[in-house]
>>> print(open('protein25.txt').read())   # compact mmCIF, C-alpha atoms
# COMPACT_ATOMS: atom_id res chain seq x y z
CA MET A 1 -36.51 25.24 -9.72
CA ARG A 2 -34.58 22.03 -10.47
CA ASN A 3 -30.80 22.11 -10.28
CA ASP A 4 -29.57 19.91 -13.13
CA LYS A 5 -26.39 17.93 -12.65
CA LEU A 6 -24.16 19.28 -15.40
CA PHE A 7 -21.34 17.44 -17.12
CA LYS A 8 -17.96 18.03 -15.45
CA THR A 9 -14.59 17.55 -17.08
CA LEU A 10 -11.95 15.47 -15.29
CA GLU A 11 -10.20 18.69 -14.29
CA GLU A 12 -13.44 20.08 -12.85
CA GLN A 13 -14.07 16.84 -10.96
CA ILE A 14 -10.63 17.14 -9.36
CA ASP A 15 -11.34 20.77 -8.47
CA ILE A 16 -14.54 19.67 -6.66
CA LEU A 17 -12.63 17.05 -4.69
CA ARG A 18 -9.95 19.57 -3.76
CA ALA A 19 -12.59 22.08 -2.69
CA LYS A 20 -13.91 19.44 -0.29
CA GLY A 21 -10.47 19.07 1.26
CA LEU A 22 -9.14 16.01 -0.57
CA THR A 23 -5.42 15.95 -1.29
CA ILE A 24 -4.59 15.01 -4.88
CA ASP A 25 -1.28 13.19 -4.60
CA ASN A 26 -0.76 12.60 -8.33
CA TYR A 27 -2.78 14.78 -10.70
CA GLU A 28 -2.36 12.74 -13.90
CA GLU A 29 -2.91 9.42 -12.15
CA THR A 30 -6.07 10.83 -10.55
CA LYS A 31 -7.39 11.92 -13.96
CA GLU A 32 -6.77 8.46 -15.37
CA ILE A 33 -8.53 6.75 -12.46
CA LEU A 34 -11.51 9.10 -12.65
CA LEU A 35 -11.86 8.41 -16.36
CA ARG A 36 -11.56 4.65 -15.91
CA GLU A 37 -13.61 4.21 -12.73
CA ASN A 38 -16.19 7.06 -12.79
CA TYR A 39 -16.31 9.98 -10.36
CA PHE A 40 -19.78 9.01 -9.14
CA PHE A 41 -18.73 5.47 -8.19
CA LEU A 42 -15.59 6.63 -6.43
CA SER A 43 -17.36 9.37 -4.50
CA GLY A 44 -19.65 6.72 -3.03
CA TYR A 45 -16.77 5.89 -0.65
CA ARG A 46 -16.21 9.46 0.56
CA HIS A 47 -18.50 9.10 3.60
CA LEU A 48 -15.92 7.08 5.49
CA PHE A 49 -13.44 9.97 5.19
CA MET A 50 -15.80 12.85 6.07
CA ARG A 51 -15.19 14.99 9.13
CA SER A 52 -18.72 14.36 10.40
CA SER A 53 -22.27 13.77 9.19
CA LYS A 54 -22.77 17.54 9.18
CA ASP A 55 -19.35 18.64 7.96
CA ARG A 56 -19.15 17.04 4.53
CA ARG A 57 -15.51 17.96 3.96
CA PHE A 58 -12.74 15.36 3.99
CA ILE A 59 -10.75 14.75 7.15
CA GLU A 60 -7.58 16.82 6.93
CA GLY A 61 -4.83 14.89 5.18
CA THR A 62 -7.11 12.49 3.30
CA THR A 63 -5.63 11.66 -0.09
CA PHE A 64 -7.20 10.53 -3.33
CA ARG A 65 -5.11 7.36 -3.12
CA GLU A 66 -6.80 6.53 0.19
CA LEU A 67 -10.22 7.04 -1.35
CA TYR A 68 -9.24 4.85 -4.30
CA ALA A 69 -7.80 2.22 -1.93
CA MET A 70 -11.20 1.95 -0.24
CA PHE A 71 -12.90 1.67 -3.63
CA SER A 72 -10.48 -1.08 -4.70
CA PHE A 73 -10.85 -2.91 -1.38
CA ASP A 74 -14.61 -3.02 -1.82
CA ARG A 75 -14.20 -4.39 -5.34
CA HIS A 76 -11.95 -7.18 -4.08
CA LEU A 77 -14.33 -7.84 -1.20
CA ARG A 78 -17.22 -8.18 -3.66
CA ASN A 79 -15.23 -10.70 -5.69
CA ILE A 80 -14.47 -12.78 -2.59
CA PHE A 81 -18.03 -12.86 -1.28
CA PHE A 82 -19.47 -13.43 -4.74
CA LYS A 83 -17.22 -16.45 -5.26
CA TYR A 84 -18.23 -18.12 -2.01
CA ILE A 85 -21.92 -17.22 -2.18
CA LEU A 86 -21.95 -18.89 -5.61
CA ILE A 87 -20.72 -22.08 -3.96
CA VAL A 88 -23.67 -22.00 -1.55
CA GLU A 89 -26.01 -21.15 -4.42
CA ASN A 90 -24.86 -24.22 -6.35
CA ASN A 91 -25.10 -26.41 -3.25
CA MET A 92 -28.66 -25.28 -2.52
CA LYS A 93 -29.73 -25.88 -6.13
CA SER A 94 -28.36 -29.40 -5.93
CA ILE A 95 -29.88 -30.20 -2.53
CA ILE A 96 -33.33 -28.75 -3.30
CA SER A 97 -33.53 -30.43 -6.71
CA TYR A 98 -32.51 -33.75 -5.14
CA GLN A 99 -35.14 -33.42 -2.42
CA LEU A 100 -37.98 -32.52 -4.78
CA SER A 101 -37.02 -35.08 -7.43
CA LYS A 102 -36.65 -37.87 -4.88
CA LYS A 103 -40.01 -37.13 -3.29
CA TYR A 104 -42.21 -35.84 -6.09
CA GLY A 105 -40.73 -37.05 -9.39
CA TYR A 106 -38.31 -35.82 -12.02
CA LYS A 107 -40.71 -34.45 -14.64
CA GLU A 108 -41.82 -30.83 -14.36
CA LYS A 109 -45.51 -31.80 -14.32
CA ASN A 110 -44.73 -33.76 -11.16
CA TYR A 111 -42.29 -31.63 -9.21
CA LEU A 112 -44.11 -28.37 -10.05
CA ASN A 113 -47.46 -29.67 -8.82
CA PRO A 114 -48.84 -27.05 -6.36
CA LYS A 115 -49.86 -29.86 -3.99
CA ASN A 116 -46.17 -30.54 -3.33
CA PHE A 117 -45.76 -27.19 -1.61
CA THR A 118 -47.10 -25.37 1.42
CA GLN A 119 -50.86 -25.23 1.66
CA ASP A 120 -50.74 -22.14 3.90
CA SER A 121 -53.42 -19.81 2.55
CA LEU A 122 -51.26 -16.79 3.41
CA LYS A 123 -48.61 -18.05 0.97
CA SER A 124 -51.03 -19.03 -1.81
CA ARG A 125 -50.23 -16.02 -3.98
CA GLN A 126 -46.49 -16.39 -3.39
CA LEU A 127 -46.71 -20.10 -4.27
CA HIS A 128 -48.36 -19.56 -7.64
CA ASP A 129 -46.08 -16.61 -8.43
CA ILE A 130 -42.93 -18.69 -7.90
CA LEU A 131 -44.25 -21.71 -9.81
CA ASN A 132 -45.12 -19.39 -12.70
CA LYS A 133 -41.60 -17.94 -12.61
CA MET A 134 -40.15 -21.44 -12.83
CA LYS A 135 -42.45 -22.43 -15.70
CA ARG A 136 -41.48 -19.25 -17.50
CA GLN A 137 -37.80 -20.16 -17.16
CA ILE A 138 -38.57 -23.51 -18.76
CA ARG A 139 -40.27 -21.78 -21.70
CA VAL A 140 -37.52 -19.18 -22.09
CA ASN A 141 -34.58 -21.55 -21.80
CA VAL A 142 -35.90 -24.64 -23.56
CA LYS A 143 -34.37 -23.47 -26.86
CA ASP A 144 -31.61 -21.17 -25.58
CA HIS A 145 -29.82 -23.28 -22.99
CA ALA A 146 -27.94 -26.39 -24.14
CA ALA A 147 -28.87 -28.63 -21.21
CA THR A 148 -32.59 -27.74 -21.14
CA MET A 149 -32.80 -28.04 -24.93
CA HIS A 150 -31.12 -31.47 -24.82
CA TYR A 151 -33.59 -32.88 -22.29
CA ALA A 152 -36.64 -31.27 -23.91
CA THR A 153 -35.64 -32.55 -27.35
CA ASN A 154 -34.55 -36.06 -26.40
CA TYR A 155 -36.76 -36.87 -23.43
CA GLY A 156 -39.71 -34.48 -23.65
CA TYR A 157 -39.22 -33.07 -20.17
CA ILE A 158 -36.73 -31.05 -18.10
CA PRO A 159 -35.74 -32.61 -14.76
CA MET A 160 -35.39 -30.45 -11.69
CA TRP A 161 -31.63 -30.95 -11.51
CA ILE A 162 -31.34 -29.37 -14.96
CA LEU A 163 -33.93 -26.64 -14.39
CA VAL A 164 -32.10 -25.24 -11.34
CA LYS A 165 -29.17 -24.38 -13.61
CA VAL A 166 -31.20 -21.54 -15.14
CA LEU A 167 -32.93 -20.40 -11.95
CA SER A 168 -31.63 -17.35 -10.09
CA PHE A 169 -30.60 -17.56 -6.45
CA GLY A 170 -33.56 -15.28 -5.74
CA ILE A 171 -35.99 -17.84 -7.14
CA ILE A 172 -34.23 -20.65 -5.24
CA SER A 173 -34.59 -18.61 -2.04
CA GLU A 174 -38.29 -18.05 -2.73
CA LEU A 175 -38.74 -21.71 -3.66
CA TYR A 176 -37.37 -22.85 -0.32
CA ALA A 177 -39.82 -20.49 1.42
CA ILE A 178 -42.85 -22.25 -0.13
CA LEU A 179 -41.72 -25.82 0.48
CA LYS A 180 -43.66 -27.98 2.90
CA GLU A 181 -42.20 -27.73 6.37
CA VAL A 182 -41.11 -31.38 6.31
CA ASP A 183 -39.04 -30.69 3.18
CA GLN A 184 -37.60 -27.47 4.61
CA VAL A 185 -36.52 -29.36 7.73
CA GLU A 186 -34.87 -32.15 5.75
CA ILE A 187 -32.90 -29.58 3.73
CA SER A 188 -32.00 -27.36 6.70
CA ASN A 189 -30.83 -30.39 8.69
CA TYR A 190 -28.02 -30.76 6.19
CA TYR A 191 -26.63 -27.46 7.49
CA HIS A 192 -27.57 -28.15 11.12
CA VAL A 193 -29.74 -25.03 11.30
CA ARG A 194 -33.45 -24.53 11.84
CA ALA A 195 -35.76 -24.31 8.83
CA GLN A 196 -36.73 -20.71 9.68
CA GLU A 197 -33.07 -19.74 9.99
CA LEU A 198 -32.21 -21.16 6.58
CA GLU A 199 -35.08 -19.24 4.98
CA ILE A 200 -33.63 -15.96 6.29
CA TYR A 201 -30.09 -17.02 5.37
CA LEU A 202 -31.03 -17.66 1.75
CA SER A 203 -32.88 -14.37 1.46
CA ILE A 204 -29.90 -12.40 2.82
CA LEU A 205 -27.38 -14.29 0.69
CA SER A 206 -29.49 -13.63 -2.40
CA ASN A 207 -29.56 -9.93 -1.55
CA PHE A 208 -25.78 -9.71 -1.13
CA ARG A 209 -25.17 -11.92 -4.17
CA ASN A 210 -27.09 -9.54 -6.43
CA LEU A 211 -25.30 -6.54 -4.96
CA CYS A 212 -21.94 -8.18 -5.70
CA ALA A 213 -22.99 -9.14 -9.22
CA HIS A 214 -24.00 -5.57 -10.06
CA GLU A 215 -20.88 -3.88 -8.63
CA ASP A 216 -22.78 -1.96 -5.97
CA ILE A 217 -21.13 -0.71 -2.78
CA LEU A 218 -20.75 -3.70 -0.51
CA TYR A 219 -18.76 -2.88 2.62
CA ASP A 220 -21.44 -0.92 4.49
CA HIS A 221 -24.54 -2.61 3.07
CA ARG A 222 -27.28 -3.57 5.51
CA THR A 223 -30.33 -5.74 4.77
CA GLN A 224 -33.85 -5.27 6.10
CA LYS A 225 -33.95 -8.86 7.29
CA VAL A 226 -31.83 -9.84 10.27
CA ILE A 227 -30.51 -13.24 11.27
CA TYR A 228 -31.29 -14.86 14.61
CA ASP A 229 -28.77 -14.57 17.43
CA THR A 230 -26.23 -17.37 17.18
CA ARG A 231 -23.60 -18.97 19.37
CA PHE A 232 -21.01 -17.03 17.38
CA HIS A 233 -22.40 -13.68 18.55
CA GLN A 234 -22.14 -14.83 22.13
CA ARG A 235 -18.74 -16.48 21.91
CA LEU A 236 -17.22 -13.43 20.20
CA ASN A 237 -18.63 -11.24 22.99
CA ILE A 238 -20.15 -8.87 20.46
CA GLU A 239 -21.36 -5.67 22.07
CA LYS A 240 -25.07 -5.02 22.44
CA THR A 241 -27.16 -1.87 22.20
CA ASP A 242 -30.76 -2.01 23.47
CA ASP A 243 -30.26 -5.78 23.90
CA GLU A 244 -29.38 -6.19 20.19
CA TYR A 245 -25.98 -7.22 18.89
CA ILE A 246 -24.39 -4.33 16.98
CA TYR A 247 -22.55 -6.61 14.54
CA GLY A 248 -23.51 -9.75 12.66
CA LYS A 249 -27.25 -9.25 12.28
CA ASN A 250 -27.81 -7.72 8.82
CA ASP A 251 -24.32 -6.69 7.73
CA LEU A 252 -21.36 -8.38 6.07
CA PHE A 253 -20.47 -10.12 9.30
CA ALA A 254 -23.95 -11.67 9.27
CA VAL A 255 -23.00 -13.07 5.85
CA ILE A 256 -19.82 -14.48 7.38
CA ILE A 257 -21.85 -16.13 10.16
CA ILE A 258 -24.16 -17.62 7.53
CA LEU A 259 -21.29 -18.88 5.39
CA LYS A 260 -19.60 -20.32 8.47
CA GLN A 261 -22.56 -22.68 8.67
CA MET A 262 -23.03 -23.33 4.94
CA LEU A 263 -19.51 -23.70 3.52
CA THR A 264 -17.13 -26.56 4.20
CA GLU A 265 -14.46 -25.85 6.80
CA GLU A 266 -11.80 -25.63 4.11
CA GLU A 267 -13.85 -23.23 1.97
CA PHE A 268 -14.61 -21.01 4.95
CA HIS A 269 -10.98 -20.84 6.04
CA MET A 270 -9.89 -19.89 2.53
CA MET A 271 -12.51 -17.14 2.39
CA MET A 272 -11.51 -15.68 5.75
CA LYS A 273 -7.83 -15.65 4.81
CA GLU A 274 -8.65 -13.82 1.58
CA ILE A 275 -10.70 -11.22 3.49
CA CYS A 276 -7.93 -10.75 6.06
CA TYR A 277 -5.37 -10.30 3.28
CA GLU A 278 -7.42 -7.56 1.62
CA LEU A 279 -7.90 -5.80 4.96
CA GLU A 280 -4.15 -5.82 5.58
CA ILE A 281 -3.53 -4.27 2.16
CA LEU A 282 -6.17 -1.59 2.81
CA THR A 283 -4.95 -0.65 6.28
CA GLY A 284 -1.43 -0.37 4.87
CA LYS A 285 -2.65 2.26 2.40
CA VAL A 286 -5.14 4.19 4.55
CA HIS A 287 -3.76 6.33 7.36
CA THR A 288 -6.40 9.02 7.86
CA ILE A 289 -8.88 6.66 9.54
CA SER A 290 -8.22 3.77 11.90
CA LYS A 291 -8.63 0.07 11.22
CA LYS A 292 -11.33 0.03 13.91
CA THR A 293 -13.29 2.67 11.98
CA ILE A 294 -13.04 0.59 8.82
CA LEU A 295 -14.11 -2.61 10.60
CA ASN A 296 -17.02 -0.81 12.24
CA SER A 297 -18.27 0.46 8.89
CA ILE A 298 -18.19 -3.10 7.51
CA GLY A 299 -19.87 -4.54 10.58
CA PHE A 300 -16.88 -6.59 11.74
CA PRO A 301 -15.98 -6.88 15.43
CA GLU A 302 -12.25 -6.40 16.03
CA ASN A 303 -11.87 -10.10 16.90
CA PHE A 304 -13.81 -11.26 13.81
CA MET A 305 -11.07 -13.70 12.73
CA GLU A 306 -11.68 -15.82 15.85
CA ILE A 307 -14.80 -17.23 14.19
CA MET A 308 -12.52 -19.32 11.96
CA ASP A 309 -11.72 -21.80 14.73
CA MET A 310 -15.16 -21.91 16.35
CA GLU A 311 -17.50 -24.88 16.01
>>> encode(input="protein25.txt", output="structure tokens")
Amino acid sequence: MRNDKLFKTLEEQIDILRAKGLTIDNYEETKEILLRENYFFLSGYRHLFMRSSKDRRFIEGTTFRELYAMFSFDRHLRNIFFKYILIVENNMKSIISYQLSKKYGYKEKNYLNPKNFTQDSLKSRQLHDILNKMKRQIRVNVKDHAATMHYATNYGYIPMWILVKVLSFGIISELYAILKEVDQVEISNYYHVRAQELEIYLSILSNFRNLCAHEDILYDHRTQKVIYDTRFHQRLNIEKTDDEYIYGKNDLFAVIIILKQMLTEEEFHMMMKEICYELEILTGKVHTISKKTILNSIGFPENFMEIMDME
């Protein structure tokens, strides 16, 4: 028989949290936060404060303010990563559109010609799927987006550098994956990474970007794809388990490693300082668990800030 999840009043929600061992430090403030932020969203951060994977009660002394501090930290972290991933997204749109326009022409009938892309039979279906997605965006946005409408009305075509404005980062990531190898190499050389590395980087950034945009839990997210081992893993002396680095492969630190290579030095330094600032605020509010526990859950090695000054 199915157990339906019944509606719970704010008072009942607080009673559930108390029953699990959470200290409610300010009853009225807690009610207000639960109403404003949603019990379900807040409880998504409870795992960090649990006694163990089997004992689902809160560690003794854990307060609601600590739980809310973790929730707020993750929100601020999302805003930081979203801001800097958007910079990379814009850069990639500019670089890819420049490459395709320069080589294949600036009208959609030219740059969307299937012959301009990989001829690998294993990617044939993916190729046509992505080109269809791009053509659909042209049809959808030709009358709804000012820039596309301007070019379609006045020139009869939409150049690639305008089209990318309405393409998602996911489509840009997929587009890079179907480029001819020579074009992938020319683009990846801009970032001084291998073409295969950049393909994985874009896929992971797209995944994290969407998570940030939809207000999902960020701090402990892990992707299916993993990045290659880099000089940063080695120079930070990141610990290994079964010959695999335990941090910086498919977690938030992997995103930092990617952004280290794709942002300007100034942009990267600003991002790292913002992250460090938010961590300091969090560790000043959370006393039940250690900073090391928090960093581990995020996927950060304790010396993660050293990456700032590495080349």
>>> residues_around(input="protein25.txt", residues="Glu199 in chain A", least_positions_apart="6", cutoff="9 Å", atoms="all atoms listed in the file", output="ChimeraX atom specification")
/A:173-174,176-177,184,188
>>> residues_near_point(input="protein25.txt", point="(-11.0, -5.6, 16.2)", cutoff="12 Å", atoms="all atoms listed in the file", output="PDB file with C-alpha atoms, in the frame of the given file")
ATOM      1  CA  LEU A 236     -17.220 -13.430  20.200  1.00  0.00           C
ATOM      2  CA  ASN A 237     -18.630 -11.240  22.990  1.00  0.00           C
ATOM      3  CA  ILE A 238     -20.150  -8.870  20.460  1.00  0.00           C
ATOM      4  CA  GLU A 239     -21.360  -5.670  22.070  1.00  0.00           C
ATOM      5  CA  TYR A 247     -22.550  -6.610  14.540  1.00  0.00           C
ATOM      6  CA  CYS A 276      -7.930 -10.750   6.060  1.00  0.00           C
ATOM      7  CA  LEU A 279      -7.900  -5.800   4.960  1.00  0.00           C
ATOM      8  CA  SER A 290      -8.220   3.770  11.900  1.00  0.00           C
ATOM      9  CA  LYS A 291      -8.630   0.070  11.220  1.00  0.00           C
ATOM     10  CA  LYS A 292     -11.330   0.030  13.910  1.00  0.00           C
ATOM     11  CA  THR A 293     -13.290   2.670  11.980  1.00  0.00           C
ATOM     12  CA  ILE A 294     -13.040   0.590   8.820  1.00  0.00           C
ATOM     13  CA  LEU A 295     -14.110  -2.610  10.600  1.00  0.00           C
ATOM     14  CA  ASN A 296     -17.020  -0.810  12.240  1.00  0.00           C
ATOM     15  CA  SER A 297     -18.270   0.460   8.890  1.00  0.00           C
ATOM     16  CA  ILE A 298     -18.190  -3.100   7.510  1.00  0.00           C
ATOM     17  CA  GLY A 299     -19.870  -4.540  10.580  1.00  0.00           C
ATOM     18  CA  PHE A 300     -16.880  -6.590  11.740  1.00  0.00           C
ATOM     19  CA  PRO A 301     -15.980  -6.880  15.430  1.00  0.00           C
ATOM     20  CA  GLU A 302     -12.250  -6.400  16.030  1.00  0.00           C
ATOM     21  CA  ASN A 303     -11.870 -10.100  16.900  1.00  0.00           C
ATOM     22  CA  PHE A 304     -13.810 -11.260  13.810  1.00  0.00           C
ATOM     23  CA  MET A 305     -11.070 -13.700  12.730  1.00  0.00           C
ATOM     24  CA  GLU A 306     -11.680 -15.820  15.850  1.00  0.00           C
TER      25      GLU A 306
END
>>> residues_around(input="protein25.txt", residues="Gly284 in chain A", least_positions_apart="5", cutoff="12 Å", atoms="only C-alpha atoms", output="ChimeraX atom specification")
/A:65-66,69-70,73,277-279,289-291
>>> axis_aligned_box(input="protein25.txt", around="range 114-121 of chain A", padding_each_side="4 Å", output="AutoDock Vina command-line options")
--center_x -49.6 --center_y -25.2 --center_z -1.2 --size_x 15.7 --size_y 18.7 --size_z 18.3
>>> atom_distance(input="protein25.txt", atom1="CA of Glu12 in chain A", atom2="CA of Arg75 in chain A")
25.6 Å
>>> atom_distance(input="protein25.txt", atom1="CA of Phe117 in chain A", atom2="CA of Thr148 in chain A")
23.6 Å
>>> atom_distance(input="protein25.txt", atom1="CA of Met160 in chain A", atom2="CA of Ser97 in chain A")
5.3 Å
>>> closest_residue(input="protein25.txt", among="A:Glu274, A:Gln99, A:Lys93, A:Met134", to="Val185 in chain A", atoms="all atoms listed in the file")
A:Gln99
>>> closest_residue(input="protein25.txt", among="A:Leu167, A:Leu179, A:Ile59, A:Met92", to="Arg18 in chain A", atoms="all atoms listed in the file")
A:Ile59
>>> residues_around(input="protein25.txt", residues="Met50 in chain A", least_positions_apart="2", cutoff="10 Å", atoms="all atoms listed in the file", output="MDAnalysis selection string")
chainID A and resid 20:22 45:48 52:60 62 289
>>> residues_near_point(input="protein25.txt", point="(-13.7, -23.8, 8.4)", cutoff="12 Å", atoms="all atoms listed in the file", output="ChimeraX atom specification")
/A:256-257,259-273,305-311
>>> residues_around(input="protein25.txt", residues="Glu215 in chain A", least_positions_apart="3", cutoff="8 Å", atoms="only C-alpha atoms", output="PyMOL selection string")
chain A and resi 75+78+211-212
>>> closest_residue(input="protein25.txt", among="A:Glu181, A:Ile217, A:Leu127, A:Ile158", to="Ser43 in chain A", atoms="only C-alpha atoms")
A:Ile217
>>> closest_residue(input="protein25.txt", among="A:Ile246, A:Leu86, A:Leu163, A:Val140", to="Tyr98 in chain A", atoms="all atoms listed in the file")
A:Leu163
>>> residues_around(input="protein25.txt", residues="Thr63 in chain A", least_positions_apart="5", cutoff="7 Å", atoms="all atoms listed in the file", output="PyMOL selection string")
chain A and resi 22-25
>>> closest_residue(input="protein25.txt", among="A:Glu280, A:Asp216, A:Asp183, A:Asp242", to="Asp74 in chain A", atoms="all atoms listed in the file")
A:Asp216
>>> decode(input="protein25.txt", residues="range 218-268 of chain A", atoms="C-alpha atoms", output="compact mmCIF listing (two decimals), in the first residue's frame")
# COMPACT_ATOMS: atom_id res chain seq x y z
CA LEU A 218 25.34 22.17 -6.10
CA TYR A 219 27.96 21.56 -3.42
CA ASP A 220 28.03 17.75 -3.57
CA HIS A 221 27.07 17.26 -7.22
CA ARG A 222 29.07 14.74 -9.23
CA THR A 223 28.92 14.22 -13.01
CA GLN A 224 29.11 10.93 -14.88
CA LYS A 225 31.89 12.25 -17.08
CA VAL A 226 35.31 12.79 -15.55
CA ILE A 227 38.12 15.08 -16.65
CA TYR A 228 41.58 13.82 -17.52
CA ASP A 229 44.32 14.00 -14.89
CA THR A 230 46.01 17.39 -15.03
CA ARG A 231 49.18 18.99 -13.73
CA PHE A 232 47.04 20.65 -11.07
CA HIS A 233 46.07 17.29 -9.54
CA GLN A 234 49.72 16.37 -9.30
CA ARG A 235 51.03 19.69 -8.05
CA LEU A 236 48.36 19.87 -5.33
CA ASN A 237 49.34 16.36 -4.22
CA ILE A 238 45.73 15.25 -4.29
CA GLU A 239 45.24 11.89 -2.64
CA LYS A 240 44.50 8.83 -4.74
CA THR A 241 42.31 5.78 -4.16
CA ASP A 242 42.74 2.81 -6.50
CA ASP A 243 45.08 5.01 -8.58
CA GLU A 244 42.34 7.63 -9.08
CA TYR A 245 42.43 11.15 -7.67
CA ILE A 246 39.69 11.56 -5.05
CA TYR A 247 39.13 15.24 -5.84
CA GLY A 248 38.93 17.23 -9.05
CA LYS A 249 37.61 14.60 -11.45
CA ASN A 250 33.82 15.06 -11.62
CA ASP A 251 33.07 17.39 -8.72
CA LEU A 252 33.11 21.14 -8.14
CA PHE A 253 36.88 21.14 -7.93
CA ALA A 254 36.94 19.64 -11.43
CA VAL A 255 34.94 22.71 -12.49
CA ILE A 256 37.56 24.91 -10.83
CA ILE A 257 40.33 23.09 -12.72
CA ILE A 258 38.40 23.61 -15.96
CA LEU A 259 37.79 27.30 -15.27
CA LYS A 260 41.44 27.74 -14.33
CA GLN A 261 42.21 26.94 -17.96
CA MET A 262 39.30 28.79 -19.58
CA LEU A 263 38.97 32.06 -17.67
CA THR A 264 41.45 34.93 -17.74
CA GLU A 265 43.81 35.09 -14.77
CA GLU A 266 41.96 38.08 -13.37
CA GLU A 267 38.55 36.40 -13.71
CA PHE A 268 39.80 33.22 -12.08
